[in-house]
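Dropping target.pdb in here (PDB, C-alpha atoms):
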ATOM      1  CA  MET A   3      10.868 139.314-106.089
ATOM      2  CA  ALA A   4       8.917 141.680-108.247
ATOM      3  CA  ALA A   5       7.068 142.891-105.157
ATOM      4  CA  ILE A   6      10.326 143.729-103.411
ATOM      5  CA  VAL A   7      11.672 145.535-106.442
ATOM      6  CA  ARG A   8       8.443 147.552-106.628
ATOM      7  CA  LEU A   9       8.773 148.482-102.957
ATOM      8  CA  SER A  10      12.289 149.780-103.398
ATOM      9  CA  SER A  11      11.042 152.318-105.859
ATOM     10  CA  VAL A  12       8.487 153.566-103.296
ATOM     11  CA  CYS A  13      10.476 153.426-100.052
ATOM     12  CA  ARG A  14      13.925 154.783-100.458
ATOM     13  CA  ARG A  15      14.743 154.135 -96.866
ATOM     14  CA  GLY A  16      16.376 150.781 -97.248
ATOM     15  CA  VAL A  17      14.610 147.767 -98.635
ATOM     16  CA  LYS A  18      17.754 145.618 -98.465
ATOM     17  CA  PRO A  19      17.417 144.594 -94.784
ATOM     18  CA  LEU A  20      13.743 143.721 -95.357
ATOM     19  CA  PHE A  21      14.647 141.686 -98.383
ATOM     20  CA  TYR A  22      17.128 139.667 -96.387
ATOM     21  CA  GLN A  23      14.562 139.148 -93.615
ATOM     22  CA  SER A  24      11.996 137.515 -95.897
ATOM     23  CA  THR A  25      14.549 135.259 -97.560
ATOM     24  CA  PHE A  26      15.972 134.337 -94.168
ATOM     25  CA  LEU A  27      12.671 132.891 -92.997
ATOM     26  CA  ALA A  28      11.982 131.209 -96.296
ATOM     27  CA  ARG A  29      15.350 129.408 -96.535
ATOM     28  CA  PRO A  30      17.102 129.279 -93.137
ATOM     29  CA  LEU A  31      20.262 127.738 -94.529
ATOM     30  CA  ALA A  32      20.912 130.534 -96.982
ATOM     31  CA  VAL A  33      21.532 133.440 -94.575
ATOM     32  CA  PRO A  34      23.038 136.320 -96.546
ATOM     33  CA  HIS A  35      26.386 137.505 -95.300
ATOM     34  CA  THR A  36      25.378 141.139 -94.887
ATOM     35  CA  TYR A  37      22.389 140.275 -92.661
ATOM     36  CA  LYS A  38      24.670 138.689 -90.074
ATOM     37  CA  GLU A  39      26.894 141.765 -90.052
ATOM     38  CA  HIS A  40      24.097 144.301 -89.552
ATOM     39  CA  PRO A  41      21.296 142.741 -87.488
ATOM     40  CA  TYR A  42      20.685 146.041 -85.643
ATOM     41  CA  GLN A  43      19.863 147.748 -88.939
ATOM     42  CA  LEU A  44      17.039 145.296 -89.469
ATOM     43  CA  THR A  45      15.553 145.881 -86.021
ATOM     44  CA  ALA A  46      15.786 149.615 -86.496
ATOM     45  CA  LYS A  47      13.894 149.363 -89.771
ATOM     46  CA  ILE A  48      11.149 147.215 -88.248
ATOM     47  CA  HIS A  49      10.535 149.587 -85.370
ATOM     48  CA  ALA A  50      10.896 152.730 -87.459
ATOM     49  CA  SER A  51       7.812 152.480 -89.603
ATOM     50  CA  GLN A  52       4.228 152.241 -88.421
ATOM     51  CA  ALA A  53       3.365 150.238 -91.502
ATOM     52  CA  LEU A  54       5.513 147.320 -90.366
ATOM     53  CA  CYS A  55       3.883 146.799 -86.954
ATOM     54  CA  ALA A  56       2.469 143.404 -88.045
ATOM     55  CA  GLY A  57      -1.018 144.960 -88.229
ATOM     56  CA  SER A  58      -1.294 144.980 -84.430
ATOM     57  CA  GLY A  59      -1.532 148.772 -84.072
ATOM     58  CA  SER A  60      -4.559 150.929 -84.748
ATOM     59  CA  LYS A  61      -4.750 154.176 -86.691
ATOM     60  CA  ALA A  62      -6.760 155.909 -83.992
ATOM     61  CA  ALA A  63      -3.906 158.119 -82.816
ATOM     62  CA  SER A  64      -2.918 159.364 -86.244
ATOM     63  CA  LEU A  65      -6.524 159.933 -87.272
ATOM     64  CA  HIS A  66      -6.995 161.947 -84.080
ATOM     65  CA  TRP A  67      -3.940 164.001 -84.996
ATOM     66  CA  THR A  68      -5.349 164.728 -88.442
ATOM     67  CA  ALA A  69      -8.757 165.608 -87.007
ATOM     68  CA  GLU A  70      -7.083 168.083 -84.636
ATOM     69  CA  ARG A  71      -5.401 169.875 -87.551
ATOM     70  CA  VAL A  72      -8.597 169.889 -89.643
ATOM     71  CA  LEU A  73     -10.518 171.416 -86.735
ATOM     72  CA  SER A  74      -7.802 174.052 -86.261
ATOM     73  CA  ILE A  75      -8.055 175.101 -89.898
ATOM     74  CA  LEU A  76     -11.869 175.132 -89.645
ATOM     75  CA  LEU A  77     -11.688 177.345 -86.562
ATOM     76  CA  LEU A  78      -9.297 179.682 -88.365
ATOM     77  CA  ALA A  79     -11.784 180.076 -91.203
ATOM     78  CA  MET A  80     -14.657 180.639 -88.771
ATOM     79  CA  GLY A  81     -13.160 183.876 -87.489
ATOM     80  CA  PRO A  82     -13.637 186.036 -90.588
ATOM     81  CA  VAL A  83     -16.887 184.246 -91.501
ATOM     82  CA  ALA A  84     -18.332 185.042 -88.058
ATOM     83  CA  TYR A  85     -17.204 188.647 -88.444
ATOM     84  CA  PHE A  86     -18.909 189.123 -91.808
ATOM     85  CA  ASN A  87     -21.892 186.785 -91.314
ATOM     86  CA  PRO A  88     -22.859 186.815 -87.619
ATOM     87  CA  GLY A  89     -25.960 184.888 -86.577
ATOM     88  CA  PRO A  90     -27.185 181.752 -84.816
ATOM     89  CA  PHE A  91     -25.507 179.371 -87.274
ATOM     90  CA  MET A  92     -22.089 180.885 -86.562
ATOM     91  CA  ASP A  93     -22.886 181.085 -82.837
ATOM     92  CA  TYR A  94     -23.493 177.360 -82.535
ATOM     93  CA  SER A  95     -20.672 176.425 -84.923
ATOM     94  CA  LEU A  96     -18.246 178.535 -82.928
ATOM     95  CA  ALA A  97     -19.488 177.025 -79.670
ATOM     96  CA  ALA A  98     -18.879 173.521 -81.002
ATOM     97  CA  ALA A  99     -15.525 174.238 -82.639
ATOM     98  CA  LEU A 100     -14.116 176.241 -79.732
ATOM     99  CA  THR A 101     -15.172 173.669 -77.154
ATOM    100  CA  LEU A 102     -13.785 170.734 -79.135
ATOM    101  CA  HIS A 103     -10.520 172.520 -79.958
ATOM    102  CA  GLY A 104     -10.074 173.385 -76.286
ATOM    103  CA  HIS A 105     -11.021 169.863 -75.208
ATOM    104  CA  TRP A 106      -8.452 168.253 -77.477
ATOM    105  CA  GLY A 107      -5.838 170.869 -76.598
ATOM    106  CA  ILE A 108      -6.184 170.410 -72.836
ATOM    107  CA  GLY A 109      -6.218 166.661 -73.499
ATOM    108  CA  GLN A 110      -2.730 166.980 -74.983
ATOM    109  CA  VAL A 111      -1.574 169.014 -71.980
ATOM    110  CA  LEU A 112      -2.874 166.315 -69.622
ATOM    111  CA  THR A 113      -1.177 163.604 -71.673
ATOM    112  CA  ASP A 114       2.107 165.472 -71.311
ATOM    113  CA  TYR A 115       2.018 166.177 -67.594
ATOM    114  CA  VAL A 116      -0.201 163.561 -65.908
ATOM    115  CA  HIS A 117       1.278 160.118 -65.321
ATOM    116  CA  GLY A 118      -0.093 156.934 -63.840
ATOM    117  CA  ASP A 119      -3.127 155.027 -65.067
ATOM    118  CA  ALA A 120      -5.551 156.118 -62.331
ATOM    119  CA  LYS A 121      -4.520 159.794 -62.461
ATOM    120  CA  ILE A 122      -4.780 159.856 -66.257
ATOM    121  CA  LYS A 123      -8.284 158.394 -66.124
ATOM    122  CA  MET A 124      -9.428 160.865 -63.463
ATOM    123  CA  ALA A 125      -7.934 163.858 -65.249
ATOM    124  CA  ASN A 126      -9.569 162.917 -68.541
ATOM    125  CA  ALA A 127     -12.914 162.345 -66.817
ATOM    126  CA  GLY A 128     -12.663 165.798 -65.244
ATOM    127  CA  LEU A 129     -11.800 167.315 -68.605
ATOM    128  CA  PHE A 130     -14.748 165.588 -70.249
ATOM    129  CA  LEU A 131     -17.044 166.994 -67.578
ATOM    130  CA  LEU A 132     -15.597 170.477 -68.008
ATOM    131  CA  SER A 133     -15.972 170.395 -71.790
ATOM    132  CA  THR A 134     -19.546 169.154 -71.528
ATOM    133  CA  VAL A 135     -20.463 171.949 -69.113
ATOM    134  CA  THR A 136     -18.671 174.477 -71.346
ATOM    135  CA  PHE A 137     -20.567 173.397 -74.439
ATOM    136  CA  ALA A 138     -23.857 173.340 -72.533
ATOM    137  CA  GLY A 139     -23.206 176.803 -71.167
ATOM    138  CA  LEU A 140     -22.321 178.227 -74.569
ATOM    139  CA  CYS A 141     -25.413 176.693 -76.164
ATOM    140  CA  TYR A 142     -27.534 178.047 -73.316
ATOM    141  CA  PHE A 143     -25.991 181.466 -73.917
ATOM    142  CA  ASN A 144     -26.673 181.215 -77.643
ATOM    143  CA  TYR A 145     -30.292 180.207 -77.083
ATOM    144  CA  ASN A 146     -31.341 182.352 -74.139
ATOM    145  CA  ASP A 147     -29.047 185.326 -74.481
ATOM    146  CA  VAL A 148     -27.521 187.431 -77.244
ATOM    147  CA  GLY A 149     -25.223 184.736 -78.695
ATOM    148  CA  ILE A 150     -21.426 184.613 -79.103
ATOM    149  CA  CYS A 151     -21.061 186.837 -82.185
ATOM    150  CA  LYS A 152     -23.295 189.575 -80.786
ATOM    151  CA  ALA A 153     -21.625 189.310 -77.383
ATOM    152  CA  VAL A 154     -18.174 189.976 -78.860
ATOM    153  CA  ALA A 155     -19.543 192.872 -80.912
ATOM    154  CA  MET A 156     -21.216 194.368 -77.839
ATOM    155  CA  LEU A 157     -18.102 193.937 -75.729
ATOM    156  CA  TRP A 158     -16.017 195.760 -78.295
ATOM    157  CA  SER A 159     -18.484 198.551 -78.937
ATOM    158  CA  LYS A 160     -17.545 200.307 -75.711
TER     159      LYS A 160
ATOM    160  CA  MET B  27     -27.583 182.911 -99.877
ATOM    161  CA  SER B  28     -23.965 183.812-100.557
ATOM    162  CA  SER B  29     -22.982 182.623 -97.094
ATOM    163  CA  PHE B  30     -24.512 179.234 -97.875
ATOM    164  CA  PHE B  31     -22.368 178.883-100.969
ATOM    165  CA  PHE B  32     -19.317 180.025 -99.072
ATOM    166  CA  PHE B  33     -19.950 177.401 -96.436
ATOM    167  CA  PHE B  34     -20.522 174.696 -99.002
ATOM    168  CA  PHE B  35     -17.187 175.648-100.582
ATOM    169  CA  LEU B  36     -15.514 175.538 -97.175
ATOM    170  CA  ILE B  37     -16.968 172.158 -96.270
ATOM    171  CA  SER B  38     -16.001 170.629 -99.604
ATOM    172  CA  CYS B  39     -12.478 172.015 -99.265
ATOM    173  CA  LEU B  40     -12.269 170.374 -95.874
ATOM    174  CA  PHE B  41     -13.676 167.123 -97.193
ATOM    175  CA  ILE B  42     -11.073 167.053 -99.943
ATOM    176  CA  PHE B  43      -8.316 167.890 -97.483
ATOM    177  CA  VAL B  44      -9.371 165.113 -95.077
ATOM    178  CA  CYS B  45      -9.748 162.564 -97.863
ATOM    179  CA  ARG B  46      -6.344 163.425 -99.299
ATOM    180  CA  THR B  47      -4.671 163.243 -95.907
ATOM    181  CA  LEU B  48      -6.307 159.919 -95.019
ATOM    182  CA  ALA B  49      -5.552 158.517 -98.438
ATOM    183  CA  ARG B  50      -1.942 159.551 -98.085
ATOM    184  CA  GLN B  51      -1.699 157.835 -94.716
ATOM    185  CA  GLY B  52      -3.537 154.718 -95.825
ATOM    186  CA  ALA B  53      -1.829 154.348 -99.185
ATOM    187  CA  CYS B  54       1.316 152.642 -97.943
ATOM    188  CA  VAL B  55      -0.439 149.953 -95.926
ATOM    189  CA  SER B  56      -3.129 148.838 -98.333
ATOM    190  CA  ARG B  57      -0.881 147.766-101.207
ATOM    191  CA  PRO B  58      -0.609 144.000-101.550
ATOM    192  CA  GLN B  59       3.206 144.102-101.691
ATOM    193  CA  TYR B  60       3.272 145.025 -97.990
ATOM    194  CA  THR B  61       1.577 141.785 -96.901
ATOM    195  CA  VAL B  62       4.928 140.086 -97.471
ATOM    196  CA  LEU B  63       6.455 142.304 -94.790
ATOM    197  CA  PHE B  64       3.556 141.828 -92.345
ATOM    198  CA  ARG B  65       4.122 138.093 -92.243
ATOM    199  CA  HIS B  66       7.829 138.278 -91.619
ATOM    200  CA  ALA B  67       8.318 141.434 -89.525
ATOM    201  CA  ALA B  68       8.947 140.899 -85.812
ATOM    202  CA  PRO B  69       6.425 142.898 -83.704
ATOM    203  CA  MET B  70       7.443 144.767 -80.543
ATOM    204  CA  GLY B  71       6.261 143.251 -77.252
ATOM    205  CA  THR B  72       4.881 146.460 -75.740
ATOM    206  CA  THR B  73       3.342 149.669 -77.026
ATOM    207  CA  ALA B  74       4.956 153.066 -76.587
ATOM    208  CA  LYS B  75       2.267 153.963 -74.046
ATOM    209  CA  GLU B  76       3.031 150.862 -71.975
ATOM    210  CA  GLU B  77       6.741 151.608 -72.057
ATOM    211  CA  MET B  78       6.156 155.187 -70.908
ATOM    212  CA  ASN B  79       3.881 154.070 -68.072
ATOM    213  CA  LYS B  80       6.475 151.496 -66.973
ATOM    214  CA  PHE B  81       9.116 154.231 -66.843
ATOM    215  CA  TRP B  82       6.972 156.505 -64.661
ATOM    216  CA  ALA B  83       5.727 153.686 -62.424
ATOM    217  CA  LYS B  84       9.245 152.395 -61.742
ATOM    218  CA  ASN B  85      10.770 155.781 -61.025
ATOM    219  CA  ALA B  86       7.863 156.942 -58.869
ATOM    220  CA  LYS B  87       7.987 153.717 -56.870
ATOM    221  CA  LEU B  88      11.696 154.110 -56.209
ATOM    222  CA  ASN B  89      11.019 157.733 -55.159
ATOM    223  CA  ARG B  90      13.694 158.982 -57.501
ATOM    224  CA  PRO B  91      14.037 162.752 -57.790
ATOM    225  CA  MET B  92      13.591 164.299 -61.235
ATOM    226  CA  SER B  93      16.780 165.490 -62.919
ATOM    227  CA  PRO B  94      16.934 169.293 -63.180
ATOM    228  CA  HIS B  95      15.776 170.367 -66.618
ATOM    229  CA  LEU B  96      13.854 173.641 -66.794
ATOM    230  CA  THR B  97      16.049 175.181 -64.108
ATOM    231  CA  ILE B  98      19.355 174.463 -65.805
ATOM    232  CA  TYR B  99      18.715 174.493 -69.562
ATOM    233  CA  LYS B 100      19.317 177.829 -71.266
ATOM    234  CA  TRP B 101      15.969 179.360 -72.255
ATOM    235  CA  SER B 102      15.580 180.202 -75.926
ATOM    236  CA  VAL B 103      13.011 182.196 -77.907
ATOM    237  CA  PRO B 104      11.465 179.073 -79.477
ATOM    238  CA  MET B 105      11.120 177.488 -76.021
ATOM    239  CA  MET B 106       9.424 180.563 -74.608
ATOM    240  CA  MET B 107       7.124 180.875 -77.593
ATOM    241  CA  SER B 108       6.135 177.240 -77.261
ATOM    242  CA  ILE B 109       5.172 177.467 -73.606
ATOM    243  CA  THR B 110       3.419 180.784 -74.273
ATOM    244  CA  HIS B 111       1.375 179.042 -76.959
ATOM    245  CA  ARG B 112       0.400 176.427 -74.404
ATOM    246  CA  GLY B 113      -0.213 179.061 -71.710
ATOM    247  CA  THR B 114      -2.455 181.193 -73.926
ATOM    248  CA  GLY B 115      -4.311 178.067 -75.041
ATOM    249  CA  VAL B 116      -5.008 176.888 -71.510
ATOM    250  CA  GLY B 117      -5.849 180.435 -70.422
ATOM    251  CA  LEU B 118      -8.275 181.037 -73.284
ATOM    252  CA  SER B 119      -9.898 177.649 -72.743
ATOM    253  CA  GLY B 120     -10.293 178.418 -69.050
ATOM    254  CA  ALA B 121     -11.795 181.817 -69.843
ATOM    255  CA  ILE B 122     -14.316 180.266 -72.236
ATOM    256  CA  SER B 123     -15.245 177.633 -69.669
ATOM    257  CA  ALA B 124     -15.611 180.288 -66.970
ATOM    258  CA  PHE B 125     -17.842 182.337 -69.294
ATOM    259  CA  ALA B 126     -20.012 179.309 -70.072
ATOM    260  CA  LEU B 127     -20.297 178.416 -66.397
ATOM    261  CA  ALA B 128     -21.222 181.993 -65.548
ATOM    262  CA  ALA B 129     -23.886 181.962 -68.250
ATOM    263  CA  LEU B 130     -25.419 178.870 -66.660
ATOM    264  CA  VAL B 131     -25.187 179.936 -63.030
ATOM    265  CA  LEU B 132     -25.538 183.712 -62.800
ATOM    266  CA  PRO B 133     -28.956 185.360 -62.856
ATOM    267  CA  GLY B 134     -29.581 188.147 -65.331
ATOM    268  CA  ASN B 135     -28.434 188.311 -68.925
ATOM    269  CA  TYR B 136     -25.323 189.468 -70.757
ATOM    270  CA  PRO B 137     -26.356 193.087 -71.514
ATOM    271  CA  TYR B 138     -27.097 193.500 -67.809
ATOM    272  CA  TYR B 139     -23.563 192.527 -66.800
ATOM    273  CA  LEU B 140     -22.041 194.550 -69.640
ATOM    274  CA  ASP B 141     -23.885 197.645 -68.420
ATOM    275  CA  LEU B 142     -22.688 196.846 -64.917
ATOM    276  CA  ILE B 143     -19.073 196.913 -66.087
ATOM    277  CA  HIS B 144     -19.630 200.095 -68.111
ATOM    278  CA  SER B 145     -21.200 201.828 -65.134
ATOM    279  CA  LEU B 146     -17.954 201.496 -63.194
ATOM    280  CA  TYR B 147     -16.498 204.500 -65.061
ATOM    281  CA  ILE B 148     -13.303 202.668 -65.919
ATOM    282  CA  GLY B 149     -11.971 205.209 -68.377
ATOM    283  CA  PRO B 150     -10.717 204.834 -71.920
ATOM    284  CA  TYR B 151      -7.176 203.791 -71.090
ATOM    285  CA  LEU B 152      -8.136 200.886 -68.879
ATOM    286  CA  ILE B 153     -10.771 199.791 -71.361
ATOM    287  CA  GLY B 154      -8.139 199.869 -74.098
ATOM    288  CA  LEU B 155      -5.781 197.911 -71.864
ATOM    289  CA  ALA B 156      -8.481 195.343 -71.137
ATOM    290  CA  LYS B 157      -9.192 194.975 -74.859
ATOM    291  CA  PHE B 158      -5.479 194.488 -75.501
ATOM    292  CA  GLY B 159      -5.408 191.938 -72.681
ATOM    293  CA  ILE B 160      -8.118 189.920 -74.386
ATOM    294  CA  ALA B 161      -6.884 190.450 -77.938
ATOM    295  CA  PHE B 162      -3.231 189.539 -77.323
ATOM    296  CA  PRO B 163      -3.691 185.910 -76.179
ATOM    297  CA  VAL B 164      -6.180 185.314 -78.998
ATOM    298  CA  SER B 165      -3.954 186.750 -81.713
ATOM    299  CA  TYR B 166      -0.739 185.185 -80.373
ATOM    300  CA  HIS B 167      -2.352 181.749 -80.120
ATOM    301  CA  THR B 168      -3.866 182.161 -83.598
ATOM    302  CA  TYR B 169      -0.677 183.268 -85.336
ATOM    303  CA  ASN B 170       1.501 180.726 -83.543
ATOM    304  CA  GLY B 171      -1.169 178.149 -84.371
ATOM    305  CA  ILE B 172      -0.686 178.935 -88.057
ATOM    306  CA  ARG B 173       3.067 178.527 -87.499
ATOM    307  CA  HIS B 174       2.358 175.089 -85.961
ATOM    308  CA  LEU B 175       0.269 174.114 -88.989
ATOM    309  CA  TRP B 176       3.156 175.246 -91.185
ATOM    310  CA  TRP B 177       5.398 172.826 -89.296
ATOM    311  CA  ASP B 178       2.767 170.112 -89.602
ATOM    312  CA  ILE B 179       3.059 170.190 -93.387
ATOM    313  CA  GLY B 180       6.796 169.796 -92.912
ATOM    314  CA  LYS B 181       7.997 173.302 -93.634
ATOM    315  CA  GLY B 182      10.132 175.786 -91.730
ATOM    316  CA  PHE B 183      12.154 173.493 -89.466
ATOM    317  CA  LYS B 184      15.588 174.974 -90.138
ATOM    318  CA  ILE B 185      16.730 176.952 -87.117
ATOM    319  CA  PRO B 186      16.948 180.352 -88.887
ATOM    320  CA  GLU B 187      13.434 179.733 -90.248
ATOM    321  CA  VAL B 188      12.162 178.845 -86.769
ATOM    322  CA  TYR B 189      13.473 182.135 -85.422
ATOM    323  CA  ARG B 190      12.256 184.138 -88.418
ATOM    324  CA  THR B 191       8.705 182.793 -88.262
ATOM    325  CA  GLY B 192       8.793 183.150 -84.483
ATOM    326  CA  TYR B 193       9.656 186.847 -84.555
ATOM    327  CA  THR B 194       7.045 187.371 -87.269
ATOM    328  CA  VAL B 195       4.398 185.795 -85.032
ATOM    329  CA  ILE B 196       5.366 188.024 -82.096
ATOM    330  CA  ALA B 197       5.354 191.183 -84.226
ATOM    331  CA  LEU B 198       2.040 190.342 -85.884
ATOM    332  CA  SER B 199       0.452 189.525 -82.522
ATOM    333  CA  VAL B 200       1.463 192.841 -80.978
ATOM    334  CA  ILE B 201       0.411 194.864 -84.016
ATOM    335  CA  THR B 202      -2.936 193.069 -84.366
ATOM    336  CA  SER B 203      -3.698 193.388 -80.659
ATOM    337  CA  ILE B 204      -2.969 197.120 -80.620
ATOM    338  CA  ALA B 205      -5.020 197.654 -83.792
ATOM    339  CA  VAL B 206      -7.961 195.664 -82.428
ATOM    340  CA  ALA B 207      -7.784 197.427 -79.062
ATOM    341  CA  PHE B 208      -8.339 200.726 -80.862
ATOM    342  CA  LEU B 209     -11.460 199.504 -82.656
TER     343      LEU B 209
END
The structure in this file should be written as structure tokens.
Amino acid sequence: MAAIVRLSSVCRRGVKPLFYQSTFLARPLAVPHTYKEHPYQLTAKIHASQALCAGSGSKAASLHWTAERVLSILLLAMGPVAYFNPGPFMDYSLAAALTLHGHWGIGQVLTDYVHGDAKIKMANAGLFLLSTVTFAGLCYFNYNDVGICKAVAMLWSK
Amino acid sequence: MSSFFFFFFLISCLFIFVCRTLARQGACVSRPQYTVLFRHAAPMGTTAKEEMNKFWAKNAKLNRPMSPHLTIYKWSVPMMMSITHRGTGVGLSGAISAFALAALVLPGNYPYYLDLIHSLYIGPYLIGLAKFGIAFPVSYHTYNGIRHLWWDIGKGFKIPEVYRTGYTVIALSVITSIAVAFL
């Protein structure tokens, strides 16, 4: 009881249906009147929140989402830093960040437009190959040629 | 030396940001009060991914045509900005991949090819146009990306705000691209 009361102070969204659910299973004969009237409300609440998925889901998707945003912010910061402090460190950091940001971005595009298990697998395999080649090429360019920062500066100098 | 400190500051900012975000996401589930709900909540039979695949498999198998959507819905500025964000993203990614592939495959080095382009006597206007052509996708995608991050923290969803931030992004992109093209 205390646990339920504590929850209601955290989740404003409607603890009442959840409260009825737990008492329903504990004492089947004492079904509250309101639960019978609004069974759909209960189902909606169960499906609405990720926290209530009986622990069967994983947090991989939401962690991926967060990682995407963190990388975006990192890439944003890299712009001015690369402008003021060009050099091999920024070259390789930019190569990694740009490739990963592009890889995840195109991954989202494929998720949106490609359907069917086999096609999804093939498309993602192709993307993985492309991203690997891209990163390899950029690292090769950084090592054997002028590097990304210098290349942009040279391109813009004319 | 100063760049090292700057980077350390940046990395620790990121670390704090990630920790806070993860803690915020994990906070709800780890409290002991929630174990009551885990025992009694009814789980769904299929995941969202499975449901989506079932939809596509069934409709593809029955050879059903797709309902008209892009051809009949009235285009709006937010819609166009969204697909432009995607278009510039895919385009920029493709350009980077093409550059990397060229670096691996083509003989000669970068200054050689740069001199080759310069020797074509393109003229200042075309060079300026080319610089604008490179700068515009980068700046549009960057500014609209910031707008996306703004939405990700939950701000700016009201329709007037969507339009206001949208027009700001367009204006900033054009101005930045022109300014950079003159550099």
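Residues selected in this file by the PyMOL selection byres ((chain A and resi 99) around 9) comprise Leu73, Ser74, Leu76, Leu77, Met80, Tyr94, Ser95, Leu96, Ala97, Ala98, Leu100, Thr101, Leu102, His103 and Gly104 of chain A.
For the set B:Met107, B:Ala86, B:Val116, B:Leu130, the residue with the smallest atom-to-atom gap to Tyr169 in chain B is B:Met107, counting all atoms listed in the file.
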Name the closest residue to Thr114 in chain B among the candidates B:Phe162, B:Phe81, B:Tyr189, B:Tyr136; distances are taken between atoms, counting only C-alpha atoms. B:Phe162
To test your reading of the syntax: which residues would the PyMOL selection byres ((chain A and resi 126) around 10) return for the file shown? Reply as a PyMOL selection string. chain A and resi 105+108-109+112-113+116+121-125+127-132
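Those residues that approach His111 in chain B to within 12 Å, counting only C-alpha atoms, are Gly107 and Val111 of chain A; Pro104, Met105, Met106, Val116, Gly117, Leu118, Phe162, Pro163, Val164, Ser165, Tyr166, His167, Thr168, Tyr169, Asn170, Gly171, Ile172, Arg173, His174, Gly192, Val195, Ile196 and Ser199 of chain B; same-chain residues fewer than 5 positions away are not listed.
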Test item: the PyMOL selection byres ((chain A and resi 92) around 12) resolved as an MDAnalysis selection string: (chainID A and resid 77 79:91 93:100 141 144 149:152) or (chainID B and resid 29:30 33)
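One finds CA of Met92 in chain B at 15.7 Å from CA of Asn79 in chain B.
Minimum atom-to-atom distance to Ser119 in chain B, evaluated using all atoms listed in the file, belongs to A:Thr136 out of A:Thr136, A:Gln110, A:Ser60, A:Ser159.
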Identify the residues within 12 Å of coordinate (-22.2, 178.5, -64.1) (same frame as the file), considering all atoms listed in the file, and give the answer as a PyMOL selection string. (chain A and resi 132+135-140+142-143) or (chain B and resi 122-133)
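The space separating CA of Trp177 in chain B from CA of Met78 in chain B comes to 25.5 Å.
The space between CA of Ala63 in chain A and CA of Gly115 in chain B spans 21.4 Å.
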